[in-house]
$ cat coords08.cif   # mmCIF, C-alpha atoms
data_entry
#
loop_
_atom_site.label_atom_id
_atom_site.label_comp_id
_atom_site.auth_asym_id
_atom_site.auth_seq_id
_atom_site.Cartn_x
_atom_site.Cartn_y
_atom_site.Cartn_z
CA MET U 278 -19.71 8.41 40.24
CA GLN U 279 -19.31 5.62 37.72
CA VAL U 280 -22.69 6.47 36.16
CA LEU U 281 -21.66 10.13 35.75
CA PHE U 282 -18.48 8.89 34.07
CA TYR U 283 -20.58 6.88 31.59
CA ILE U 284 -22.81 9.87 30.85
CA LEU U 285 -19.75 12.08 30.28
CA LEU U 286 -18.25 9.54 27.88
CA PHE U 287 -21.53 9.27 25.94
CA ILE U 288 -21.73 13.07 25.55
CA LEU U 289 -18.04 13.30 24.67
CA GLY U 290 -18.39 10.57 22.06
CA ALA U 291 -21.41 12.28 20.48
CA CYS U 292 -19.53 15.60 20.31
CA PHE U 293 -16.53 13.97 18.67
CA GLY U 294 -18.81 12.12 16.23
CA SER U 295 -20.32 15.43 15.14
CA PHE U 296 -16.95 17.14 14.92
CA LEU U 297 -15.24 14.34 12.99
CA CYS U 298 -18.05 14.09 10.42
CA CYS U 299 -17.89 17.85 9.88
CA GLU U 300 -14.10 17.77 9.52
CA ALA U 301 -14.28 14.84 7.10
CA ARG U 302 -16.56 16.85 4.82
CA ARG U 303 -14.30 19.90 5.16
CA LEU U 304 -11.19 17.91 4.30
CA HIS U 305 -12.82 16.39 1.23
CA TYR U 306 -14.09 19.82 0.14
CA ARG U 307 -10.55 21.23 0.40
CA GLU U 308 -9.09 18.25 -1.48
CA VAL U 309 -11.62 18.52 -4.32
CA ASN U 310 -11.77 22.34 -4.47
CA LYS U 311 -8.17 23.34 -3.88
CA SER U 312 -8.66 26.75 -5.51
CA ALA U 313 -12.05 27.41 -3.90
CA LYS U 314 -12.66 30.03 -1.25
CA LYS U 315 -11.71 28.81 2.20
CA LEU U 316 -14.64 27.57 4.26
CA SER U 317 -15.68 29.38 7.39
CA PRO U 318 -14.23 27.80 10.55
CA ARG U 319 -17.78 27.61 11.90
CA SER U 320 -20.21 24.86 10.86
CA LEU U 321 -22.39 25.58 7.85
CA CYS U 322 -24.75 23.88 5.43
CA MET U 323 -22.69 22.55 2.53
CA HIS U 324 -25.67 23.15 0.21
CA CYS U 325 -26.74 26.75 0.90
CA LYS U 326 -23.74 27.82 3.06
CA TYR U 327 -26.08 28.83 5.90
CA GLN U 328 -23.98 29.30 9.03
CA LEU U 329 -25.39 27.06 11.73
CA LYS U 330 -26.34 28.49 15.10
CA TRP U 331 -25.16 26.89 18.34
CA TYR U 332 -28.53 25.23 18.84
CA ASP U 333 -28.20 23.59 15.43
CA ASN U 334 -24.97 21.93 16.55
CA ILE U 335 -26.16 19.94 19.55
CA PRO U 336 -25.11 16.34 18.75
CA ILE U 337 -27.98 13.92 18.09
CA VAL U 338 -30.63 16.31 19.48
CA SER U 339 -30.35 18.95 16.73
CA TRP U 340 -30.43 16.34 13.96
CA LEU U 341 -33.59 14.79 15.41
CA ILE U 342 -35.33 18.15 15.93
CA LEU U 343 -34.49 19.31 12.40
CA ARG U 344 -35.32 15.82 11.04
CA GLY U 345 -31.98 15.66 9.26
CA LYS U 346 -32.51 18.84 7.23
CA CYS U 347 -30.96 22.30 7.03
CA ARG U 348 -32.98 24.86 9.01
CA LYS U 349 -32.86 27.40 6.14
CA CYS U 350 -32.94 25.54 2.82
CA HIS U 351 -34.40 22.25 4.15
CA HIS U 352 -31.85 20.30 2.15
CA LYS U 353 -31.23 16.85 3.60
CA ILE U 354 -28.14 16.74 5.80
CA GLY U 355 -27.84 12.99 5.39
CA LEU U 356 -27.49 10.04 7.74
CA ALA U 357 -23.71 10.26 8.15
CA GLU U 358 -23.96 12.87 10.91
CA ILE U 359 -26.45 11.06 13.13
CA ILE U 360 -24.76 7.69 12.56
CA SER U 361 -21.36 9.16 13.45
CA GLU U 362 -22.70 10.84 16.58
CA LEU U 363 -24.61 7.80 17.82
CA THR U 364 -21.97 5.18 17.07
CA LEU U 365 -19.10 7.14 18.62
CA ALA U 366 -21.26 8.02 21.64
CA LEU U 367 -22.08 4.34 22.14
CA GLY U 368 -18.48 3.37 21.41
CA PHE U 369 -17.15 5.69 24.12
CA LEU U 370 -19.85 4.51 26.51
CA PHE U 371 -19.09 0.80 26.09
CA LEU U 372 -15.36 1.40 26.27
CA GLY U 373 -16.08 3.10 29.59
CA PHE U 374 -17.43 -0.23 30.88
CA THR U 375 -13.89 -1.64 30.61
CA ILE U 376 -12.50 0.62 33.36
CA ASP U 377 -13.46 0.99 37.01
CA ILE U 378 -12.77 4.61 37.96
CA THR U 379 -12.63 3.77 41.68
CA THR U 380 -9.78 1.26 41.39
CA ALA U 381 -8.00 2.21 38.16
CA SER U 382 -4.29 3.02 38.51
CA LEU U 383 -2.55 5.93 36.85
CA ILE U 384 -1.10 3.71 34.12
CA THR U 385 -4.59 2.24 33.49
CA TRP U 386 -6.01 5.73 33.05
CA PHE U 387 -3.16 6.59 30.67
CA GLN U 388 -3.79 3.47 28.60
CA PHE U 389 -7.50 4.26 28.51
CA ALA U 390 -6.80 7.83 27.35
CA ILE U 391 -4.50 6.55 24.58
CA LEU U 392 -7.22 4.11 23.50
CA LEU U 393 -9.81 6.90 23.28
CA ILE U 394 -7.41 9.05 21.23
CA PHE U 395 -6.80 6.10 18.92
CA VAL U 396 -10.55 5.48 18.57
CA ILE U 397 -11.08 9.15 17.66
CA ILE U 398 -8.44 8.92 14.90
CA ILE U 399 -9.71 5.67 13.41
CA SER U 400 -13.30 6.92 13.67
CA PHE U 401 -12.33 9.86 11.47
CA LEU U 402 -10.84 7.39 9.00
CA ALA U 403 -14.00 5.27 9.12
CA ILE U 404 -16.23 8.29 8.50
CA TYR U 405 -14.08 9.53 5.61
CA ASP U 406 -13.91 6.07 4.06
CA GLY U 407 -17.67 5.60 4.45
CA LEU U 408 -18.40 8.95 2.80
CA TYR U 409 -15.77 9.05 0.06
CA GLY U 410 -14.20 5.60 -0.23
CA GLU U 411 -10.74 6.81 0.74
CA LEU U 412 -8.40 6.57 3.73
CA PRO U 413 -6.22 9.71 4.01
CA THR U 414 -2.58 8.61 4.27
CA ARG U 415 -1.54 11.20 6.86
CA PHE U 416 -4.26 10.10 9.27
CA LEU U 417 -3.31 6.45 8.73
CA THR U 418 0.23 7.43 9.67
CA ILE U 419 -0.98 9.18 12.83
CA ALA U 420 -3.05 6.10 13.73
CA ILE U 421 0.00 3.83 13.39
CA ILE U 422 2.12 6.19 15.52
CA VAL U 423 -0.49 6.25 18.31
CA ALA U 424 -0.82 2.46 18.03
CA ILE U 425 2.94 2.05 18.50
CA ILE U 426 2.82 4.31 21.57
CA SER U 427 0.02 2.12 22.94
CA LEU U 428 2.11 -1.00 22.27
CA ILE U 429 5.18 0.44 24.04
CA ILE U 430 3.13 1.37 27.12
CA LYS U 431 1.52 -2.09 27.20
CA GLU U 432 4.85 -3.90 26.98
CA ILE U 433 6.46 -1.68 29.62
CA THR U 434 3.54 -2.49 31.90
CA ILE U 435 3.98 -6.23 31.26
CA LEU U 436 7.74 -6.05 31.92
CA GLN U 437 7.10 -4.44 35.31
CA THR U 438 5.46 -7.64 36.58
CA SER U 439 7.10 -10.38 34.48
CA PRO U 440 10.48 -11.11 32.81
CA PHE U 441 11.12 -10.57 29.10
CA SER U 442 9.55 -13.15 26.83
CA TYR U 443 9.66 -13.58 23.09
CA GLU U 444 5.86 -13.40 23.19
CA LEU U 445 6.25 -9.63 23.59
CA VAL U 446 7.54 -9.59 20.02
CA ILE U 447 5.74 -12.56 18.52
CA LYS U 448 2.20 -11.64 19.60
CA PRO U 449 2.01 -8.16 17.98
CA LEU U 450 3.77 -9.45 14.85
CA LEU U 451 1.25 -12.27 14.47
CA SER U 452 -1.59 -9.81 14.99
CA ILE U 453 -0.19 -7.57 12.25
CA LEU U 454 0.21 -10.58 9.97
CA ILE U 455 -3.41 -11.65 10.55
CA LEU U 456 -5.17 -8.30 10.25
CA GLY U 457 -2.83 -6.12 8.21
CA GLY U 458 -1.11 -8.89 6.25
CA LEU U 459 -4.29 -10.43 4.90
CA TYR U 460 -5.62 -7.12 3.60
CA LEU U 461 -2.21 -6.39 2.05
CA ALA U 462 -2.26 -9.79 0.31
CA LEU U 463 -5.80 -9.17 -0.96
CA TYR U 464 -4.76 -5.74 -2.23
CA ILE U 465 -1.74 -7.14 -4.10
CA ILE U 466 -3.56 -10.17 -5.55
CA SER U 467 -6.58 -8.15 -6.73
CA LYS U 468 -4.48 -5.13 -7.73
CA GLY U 469 -6.72 -2.92 -5.61
CA LYS U 470 -10.06 -4.29 -6.86
CA TRP U 471 -11.09 -6.13 -3.68
CA VAL U 472 -9.70 -3.80 -1.02
CA GLY U 473 -8.15 -0.34 -1.06
CA ASP U 474 -4.49 0.48 -0.55
CA GLY U 475 -5.19 1.98 2.88
CA ASP U 476 -7.10 -0.98 4.35
CA TRP U 477 -3.97 -2.93 5.20
CA LEU U 478 -2.43 0.10 6.93
CA LEU U 479 -5.59 0.58 8.98
CA GLY U 480 -5.58 -3.14 9.77
CA THR U 481 -1.96 -2.89 10.88
CA ALA U 482 -2.76 -0.03 13.28
CA LEU U 483 -5.71 -1.94 14.73
CA ALA U 484 -3.62 -5.10 15.11
CA ILE U 485 -0.88 -3.27 17.02
CA VAL U 486 -3.38 -1.96 19.58
CA LEU U 487 -5.20 -5.30 19.86
CA TYR U 488 -1.84 -6.99 20.55
CA GLU U 489 -3.28 -10.50 20.95
CA PRO U 490 -3.42 -12.56 17.70
CA TRP U 491 -6.77 -14.13 18.65
CA LEU U 492 -8.29 -10.66 19.07
CA ALA U 493 -6.94 -9.68 15.64
CA LEU U 494 -8.48 -12.81 14.12
CA LEU U 495 -11.79 -12.12 15.85
CA THR U 496 -11.76 -8.52 14.59
CA LEU U 497 -11.04 -9.71 11.05
CA CYS U 498 -13.95 -12.19 11.11
CA LEU U 499 -16.37 -9.73 12.70
CA ALA U 500 -15.45 -6.95 10.25
CA ASN U 501 -16.21 -9.19 7.29
CA ILE U 502 -19.45 -10.44 8.84
CA LEU U 503 -20.61 -6.85 9.46
CA ALA U 504 -19.65 -5.87 5.90
CA CYS U 505 -21.62 -8.79 4.46
CA LEU U 506 -24.70 -8.11 6.57
CA VAL U 507 -24.80 -4.35 5.99
CA MET U 508 -23.72 -4.25 2.36
CA ALA U 509 -25.52 -7.36 1.08
CA PRO U 510 -28.58 -5.44 -0.26
CA ALA U 511 -26.39 -2.97 -2.16
CA VAL U 512 -24.18 -5.74 -3.57
CA ILE U 513 -27.20 -7.78 -4.68
CA LYS U 514 -28.74 -4.73 -6.34
CA ARG U 515 -25.50 -3.73 -8.04
CA LYS U 516 -23.12 -6.66 -8.43
CA ASN U 517 -20.15 -4.40 -9.13
CA HIS U 518 -20.81 -2.34 -5.98
CA GLN U 519 -17.54 -1.68 -4.14
CA ILE U 520 -17.38 -2.26 -0.39
CA TYR U 521 -15.33 0.12 1.75
CA PHE U 522 -14.05 -1.94 4.66
CA GLY U 523 -12.77 0.93 6.85
CA PRO U 524 -16.01 1.53 8.81
CA PHE U 525 -16.53 -2.19 9.41
CA MET U 526 -12.94 -2.73 10.56
CA VAL U 527 -13.23 0.13 13.03
CA ALA U 528 -16.66 -1.03 14.29
CA ALA U 529 -15.34 -4.57 14.79
CA PHE U 530 -12.26 -3.24 16.60
CA VAL U 531 -14.33 -1.24 19.10
CA ILE U 532 -16.68 -4.19 19.72
CA VAL U 533 -13.77 -6.56 20.32
CA CYS U 534 -12.05 -4.06 22.63
CA CYS U 535 -15.22 -3.76 24.69
CA LEU U 536 -15.62 -7.55 24.94
CA ALA U 537 -11.93 -8.50 25.25
CA ASP U 538 -11.89 -8.95 29.04
CA PHE U 539 -15.18 -10.87 29.02
CA LEU U 540 -13.97 -13.16 26.23
CA GLN U 541 -10.63 -13.66 27.98
CA HIS U 542 -12.42 -14.97 31.08
CA MET U 543 -14.62 -17.22 28.95
CA LEU U 544 -11.60 -18.96 27.35
#
$ encode --input "coords08.cif" --output "structure tokens"
Amino acid sequence: MQVLFYILLFILGACFGSFLCCEARRLHYREVNKSAKKLSPRSLCMHCKYQLKWYDNIPIVSWLILRGKCRKCHHKIGLAEIISELTLALGFLFLGFTIDITTASLITWFQFAILLIFVIIISFLAIYDGLYGELPTRFLTIAIIVAIISLIIKEITILQTSPFSYELVIKPLLSILILGGLYLALYIISKGKWVGDGDWLLGTALAIVLYEPWLALLTLCLANILACLVMAPAVIKRKNHQIYFGPFMVAAFVIVCCLADFLQHML
């Protein structure tokens, strides 16, 4: 049963990866071409406007079969789609390892569902930031709202088994200060040259869900390590190349969430 659960999460993650990448492109198209004709609600090639068939929309599989090209015009679709589908599929899968479906309580399932919803929202932000170097404000706001809901549920759960402690307030505030505060300071000091104005809001949302300051610090370090490793060739080639931290922050967050219990037992 647990294996079927993992398979379902992998498929679900791949489907959301495909959908979110498509919606990111649609949103950007609408933002750039406000007076343009409204796009069809069905998926289509952004180059030749060929309306994709259902068999062209199978996550991961269709991209591999078509070798990343449009069936009609053979224009390259790009790597964003396959990367989004694979990473979100793997993200959902590994998050599934953090819950035992045979023993999980109702509140555990609810927390897990909220986490998946949050991951979907921040994945959209990561995809959009990776493609266009922007973090849409309204989706950042939604991410923060969902993060606050997650925080409330977590603290209610804690209060059911232990008395009130100032740690319930101090821990999330320290997390926000570490992950969101640092990016805000970098944004202010550099006047937007080092990081974007949405990075600190994304960091704040991630910090609220992480809750523990040490997890926020770990996410911060891992995000910067991933950014350095992945973007080093581009930065060396073009010294003024700008790094968009959104995708790396989200990737680090998911990795830390998957390893949190393991790391907690190691400490």
$ residues_around --input "coords08.cif" --residues "range 482-492 of chain U" --least-positions-apart "5" --cutoff "6 Å" --atoms "all atoms listed in the file" --output "PDB file with C-alpha atoms, in the frame of the given file"
ATOM      1  CA  ILE U 421       0.000   3.830  13.390  1.00  0.00           C
ATOM      2  CA  ALA U 424      -0.820   2.460  18.030  1.00  0.00           C
ATOM      3  CA  LYS U 448       2.200 -11.640  19.600  1.00  0.00           C
ATOM      4  CA  PRO U 449       2.010  -8.160  17.980  1.00  0.00           C
ATOM      5  CA  LEU U 451       1.250 -12.270  14.470  1.00  0.00           C
ATOM      6  CA  SER U 452      -1.590  -9.810  14.990  1.00  0.00           C
ATOM      7  CA  ILE U 453      -0.190  -7.570  12.250  1.00  0.00           C
TER       8      ILE U 453
END
$ resolve_selection --input "coords08.cif" --expression "the PyMOL selection byres ((chain U and resi 425-430) around 10)" --output "count of residues only"
27
$ atom_distance --input "coords08.cif" --atom1 "CA of Ile447 in chain U" --atom2 "CA of Leu540 in chain U"
21.2 Å
$ atom_distance --input "coords08.cif" --atom1 "CA of Cys299 in chain U" --atom2 "CA of Tyr521 in chain U"
19.7 Å
$ closest_residue --input "coords08.cif" --among "U:Gly469, U:Tyr409, U:Phe539, U:Phe374" --to "Tyr306 in chain U" --atoms "all atoms listed in the file"
U:Tyr409
$ closest_residue --input "coords08.cif" --among "U:Ser400, U:Thr379, U:Ser467, U:Ser439" --to "Leu365 in chain U" --atoms "only C-alpha atoms"
U:Ser400
$ closest_atom_pairs --input "coords08.cif" --of "range 385-465 of chain U" --to "range 286-295 of chain U" --cutoff "10 Å" --atoms "all atoms listed in the file" --output "CSV"
residue,atom,partner,partner_atom,distance
U:Leu393,CA,U:Gly290,CA,9.4
U:Val396,CA,U:Gly290,CA,10.0
U:Ile397,CA,U:Phe293,CA,7.3
U:Ser400,CA,U:Gly294,CA,8.0
U:Phe401,CA,U:Gly294,CA,8.4
U:Ile404,CA,U:Gly294,CA,9.0
$ atom_distance --input "coords08.cif" --atom1 "CA of Arg344 in chain U" --atom2 "CA of Glu358 in chain U"
11.7 Å
$ resolve_selection --input "coords08.cif" --expression "the PyMOL selection byres ((chain U and resi 537) around 12)" --output "list of chain:residue names"
U:Phe371, U:Leu372, U:Phe374, U:Thr375, U:Leu487, U:Tyr488, U:Glu489, U:Trp491, U:Leu492, U:Ala493, U:Leu495, U:Thr496, U:Ala529, U:Phe530, U:Val531, U:Ile532, U:Val533, U:Cys534, U:Cys535, U:Leu536, U:Asp538, U:Phe539, U:Leu540, U:Gln541, U:His542, U:Met543, U:Leu544
$ resolve_selection --input "coords08.cif" --expression "the PyMOL selection byres ((chain U and resi 501) around 12)" --output "ChimeraX atom specification"
/U:456,460,472,494-500,502-509,520-530
$ write_last_selection --input "coords08.cif" --atoms "C-alpha atoms" --output "CSV table (one decimal), keeping the file's coordinate frame"
chain,number,residue,atom,x,y,z
U,456,LEU,CA,-5.2,-8.3,10.2
U,460,TYR,CA,-5.6,-7.1,3.6
U,472,VAL,CA,-9.7,-3.8,-1.0
U,494,LEU,CA,-8.5,-12.8,14.1
U,495,LEU,CA,-11.8,-12.1,15.8
U,496,THR,CA,-11.8,-8.5,14.6
U,497,LEU,CA,-11.0,-9.7,11.0
U,498,CYS,CA,-14.0,-12.2,11.1
U,499,LEU,CA,-16.4,-9.7,12.7
U,500,ALA,CA,-15.4,-7.0,10.2
U,502,ILE,CA,-19.4,-10.4,8.8
U,503,LEU,CA,-20.6,-6.8,9.5
U,504,ALA,CA,-19.6,-5.9,5.9
U,505,CYS,CA,-21.6,-8.8,4.5
U,506,LEU,CA,-24.7,-8.1,6.6
U,507,VAL,CA,-24.8,-4.4,6.0
U,508,MET,CA,-23.7,-4.2,2.4
U,509,ALA,CA,-25.5,-7.4,1.1
U,520,ILE,CA,-17.4,-2.3,-0.4
U,521,TYR,CA,-15.3,0.1,1.8
U,522,PHE,CA,-14.0,-1.9,4.7
U,523,GLY,CA,-12.8,0.9,6.8
U,524,PRO,CA,-16.0,1.5,8.8
U,525,PHE,CA,-16.5,-2.2,9.4
U,526,MET,CA,-12.9,-2.7,10.6
U,527,VAL,CA,-13.2,0.1,13.0
U,528,ALA,CA,-16.7,-1.0,14.3
U,529,ALA,CA,-15.3,-4.6,14.8
U,530,PHE,CA,-12.3,-3.2,16.6
$ axis_aligned_box --input "coords08.cif" --around "range 525-534 of chain U" --padding-each-side "5 Å" --output "lines of an AutoDock Vina configuration file"
center_x = -14.4
center_y = -3.2
center_z = 16.0
size_x = 14.6
size_y = 16.7
size_z = 23.2
$ closest_residue --input "coords08.cif" --among "U:Phe282, U:Ser361, U:Glu411, U:Leu356" --to "Glu308 in chain U" --atoms "all atoms listed in the file"
U:Glu411
$ build_atoms --input "coords08.cif" --residues "range 428-458 of chain U" --atoms "N, CA and C atoms" --output "PDB file, in the frame of the given file"
ATOM      1  N   LEU U 428       1.375   0.269  22.162  1.00  0.00           N
ATOM      2  CA  LEU U 428       2.110  -1.000  22.270  1.00  0.00           C
ATOM      3  C   LEU U 428       3.274  -0.867  23.257  1.00  0.00           C
ATOM      4  N   ILE U 429       4.026   0.219  23.158  1.00  0.00           N
ATOM      5  CA  ILE U 429       5.180   0.440  24.040  1.00  0.00           C
ATOM      6  C   ILE U 429       4.734   0.501  25.503  1.00  0.00           C
ATOM      7  N   ILE U 430       3.652   1.246  25.747  1.00  0.00           N
ATOM      8  CA  ILE U 430       3.130   1.370  27.120  1.00  0.00           C
ATOM      9  C   ILE U 430       2.684   0.010  27.644  1.00  0.00           C
ATOM     10  N   LYS U 431       2.007  -0.766  26.799  1.00  0.00           N
ATOM     11  CA  LYS U 431       1.520  -2.090  27.200  1.00  0.00           C
ATOM     12  C   LYS U 431       2.679  -3.003  27.561  1.00  0.00           C
ATOM     13  N   GLU U 432       3.729  -2.999  26.744  1.00  0.00           N
ATOM     14  CA  GLU U 432       4.850  -3.900  26.980  1.00  0.00           C
ATOM     15  C   GLU U 432       5.679  -3.462  28.187  1.00  0.00           C
ATOM     16  N   ILE U 433       5.784  -2.172  28.408  1.00  0.00           N
ATOM     17  CA  ILE U 433       6.460  -1.680  29.620  1.00  0.00           C
ATOM     18  C   ILE U 433       5.703  -2.129  30.856  1.00  0.00           C
ATOM     19  N   THR U 434       4.375  -2.053  30.779  1.00  0.00           N
ATOM     20  CA  THR U 434       3.540  -2.490  31.900  1.00  0.00           C
ATOM     21  C   THR U 434       3.721  -3.985  32.173  1.00  0.00           C
ATOM     22  N   ILE U 435       3.789  -4.777  31.114  1.00  0.00           N
ATOM     23  CA  ILE U 435       3.980  -6.230  31.260  1.00  0.00           C
ATOM     24  C   ILE U 435       5.351  -6.527  31.879  1.00  0.00           C
ATOM     25  N   LEU U 436       6.376  -5.821  31.428  1.00  0.00           N
ATOM     26  CA  LEU U 436       7.740  -6.050  31.920  1.00  0.00           C
ATOM     27  C   LEU U 436       7.913  -5.656  33.381  1.00  0.00           C
ATOM     28  N   GLN U 437       7.024  -4.829  33.895  1.00  0.00           N
ATOM     29  CA  GLN U 437       7.100  -4.440  35.310  1.00  0.00           C
ATOM     30  C   GLN U 437       6.711  -5.581  36.242  1.00  0.00           C
ATOM     31  N   THR U 438       5.940  -6.534  35.727  1.00  0.00           N
ATOM     32  CA  THR U 438       5.460  -7.640  36.580  1.00  0.00           C
ATOM     33  C   THR U 438       5.972  -9.004  36.137  1.00  0.00           C
ATOM     34  N   SER U 439       6.609  -9.093  34.966  1.00  0.00           N
ATOM     35  CA  SER U 439       7.100 -10.380  34.480  1.00  0.00           C
ATOM     36  C   SER U 439       8.361 -10.180  33.650  1.00  0.00           C
ATOM     37  N   PRO U 440       9.241 -11.219  33.579  1.00  0.00           N
ATOM     38  CA  PRO U 440      10.480 -11.110  32.810  1.00  0.00           C
ATOM     39  C   PRO U 440      10.229 -11.060  31.303  1.00  0.00           C
ATOM     40  N   PHE U 441      11.244 -10.655  30.563  1.00  0.00           N
ATOM     41  CA  PHE U 441      11.120 -10.570  29.100  1.00  0.00           C
ATOM     42  C   PHE U 441      10.809 -11.935  28.508  1.00  0.00           C
ATOM     43  N   SER U 442       9.901 -11.936  27.557  1.00  0.00           N
ATOM     44  CA  SER U 442       9.550 -13.150  26.830  1.00  0.00           C
ATOM     45  C   SER U 442       9.436 -12.814  25.358  1.00  0.00           C
ATOM     46  N   TYR U 443       9.754 -13.799  24.528  1.00  0.00           N
ATOM     47  CA  TYR U 443       9.660 -13.580  23.090  1.00  0.00           C
ATOM     48  C   TYR U 443       8.214 -13.335  22.644  1.00  0.00           C
ATOM     49  N   GLU U 444       7.262 -13.669  23.506  1.00  0.00           N
ATOM     50  CA  GLU U 444       5.860 -13.400  23.190  1.00  0.00           C
ATOM     51  C   GLU U 444       5.601 -11.899  23.024  1.00  0.00           C
ATOM     52  N   LEU U 445       6.400 -11.078  23.696  1.00  0.00           N
ATOM     53  CA  LEU U 445       6.250  -9.630  23.590  1.00  0.00           C
ATOM     54  C   LEU U 445       6.497  -9.155  22.157  1.00  0.00           C
ATOM     55  N   VAL U 446       7.264  -9.921  21.415  1.00  0.00           N
ATOM     56  CA  VAL U 446       7.540  -9.590  20.020  1.00  0.00           C
ATOM     57  C   VAL U 446       6.648 -10.383  19.077  1.00  0.00           C
ATOM     58  N   ILE U 447       6.482 -11.658  19.410  1.00  0.00           N
ATOM     59  CA  ILE U 447       5.740 -12.560  18.520  1.00  0.00           C
ATOM     60  C   ILE U 447       4.258 -12.203  18.433  1.00  0.00           C
ATOM     61  N   LYS U 448       3.636 -11.907  19.579  1.00  0.00           N
ATOM     62  CA  LYS U 448       2.200 -11.640  19.600  1.00  0.00           C
ATOM     63  C   LYS U 448       1.794 -10.455  18.705  1.00  0.00           C
ATOM     64  N   PRO U 449       2.417  -9.267  18.866  1.00  0.00           N
ATOM     65  CA  PRO U 449       2.010  -8.160  17.980  1.00  0.00           C
ATOM     66  C   PRO U 449       2.323  -8.418  16.518  1.00  0.00           C
ATOM     67  N   LEU U 450       3.427  -9.154  16.247  1.00  0.00           N
ATOM     68  CA  LEU U 450       3.770  -9.450  14.850  1.00  0.00           C
ATOM     69  C   LEU U 450       2.735 -10.383  14.221  1.00  0.00           C
ATOM     70  N   LEU U 451       2.285 -11.374  14.981  1.00  0.00           N
ATOM     71  CA  LEU U 451       1.250 -12.270  14.470  1.00  0.00           C
ATOM     72  C   LEU U 451      -0.063 -11.526  14.244  1.00  0.00           C
ATOM     73  N   SER U 452      -0.381 -10.613  15.140  1.00  0.00           N
ATOM     74  CA  SER U 452      -1.590  -9.810  14.990  1.00  0.00           C
ATOM     75  C   SER U 452      -1.542  -8.985  13.707  1.00  0.00           C
ATOM     76  N   ILE U 453      -0.382  -8.369  13.475  1.00  0.00           N
ATOM     77  CA  ILE U 453      -0.190  -7.570  12.250  1.00  0.00           C
ATOM     78  C   ILE U 453      -0.321  -8.456  11.020  1.00  0.00           C
ATOM     79  N   LEU U 454       0.265  -9.641  11.095  1.00  0.00           N
ATOM     80  CA  LEU U 454       0.210 -10.580   9.970  1.00  0.00           C
ATOM     81  C   LEU U 454      -1.228 -10.988   9.669  1.00  0.00           C
ATOM     82  N   ILE U 455      -2.018 -11.212  10.721  1.00  0.00           N
ATOM     83  CA  ILE U 455      -3.410 -11.650  10.550  1.00  0.00           C
ATOM     84  C   ILE U 455      -4.279 -10.533   9.985  1.00  0.00           C
ATOM     85  N   LEU U 456      -4.230  -9.370  10.613  1.00  0.00           N
ATOM     86  CA  LEU U 456      -5.170  -8.300  10.250  1.00  0.00           C
ATOM     87  C   LEU U 456      -4.643  -7.403   9.142  1.00  0.00           C
ATOM     88  N   GLY U 457      -3.395  -6.979   9.248  1.00  0.00           N
ATOM     89  CA  GLY U 457      -2.830  -6.120   8.210  1.00  0.00           C
ATOM     90  C   GLY U 457      -2.324  -6.918   7.023  1.00  0.00           C
ATOM     91  N   GLY U 458      -1.704  -8.069   7.312  1.00  0.00           N
ATOM     92  CA  GLY U 458      -1.110  -8.890   6.250  1.00  0.00           C
ATOM     93  C   GLY U 458      -2.121  -9.430   5.273  1.00  0.00           C
TER      94      GLY U 458
END
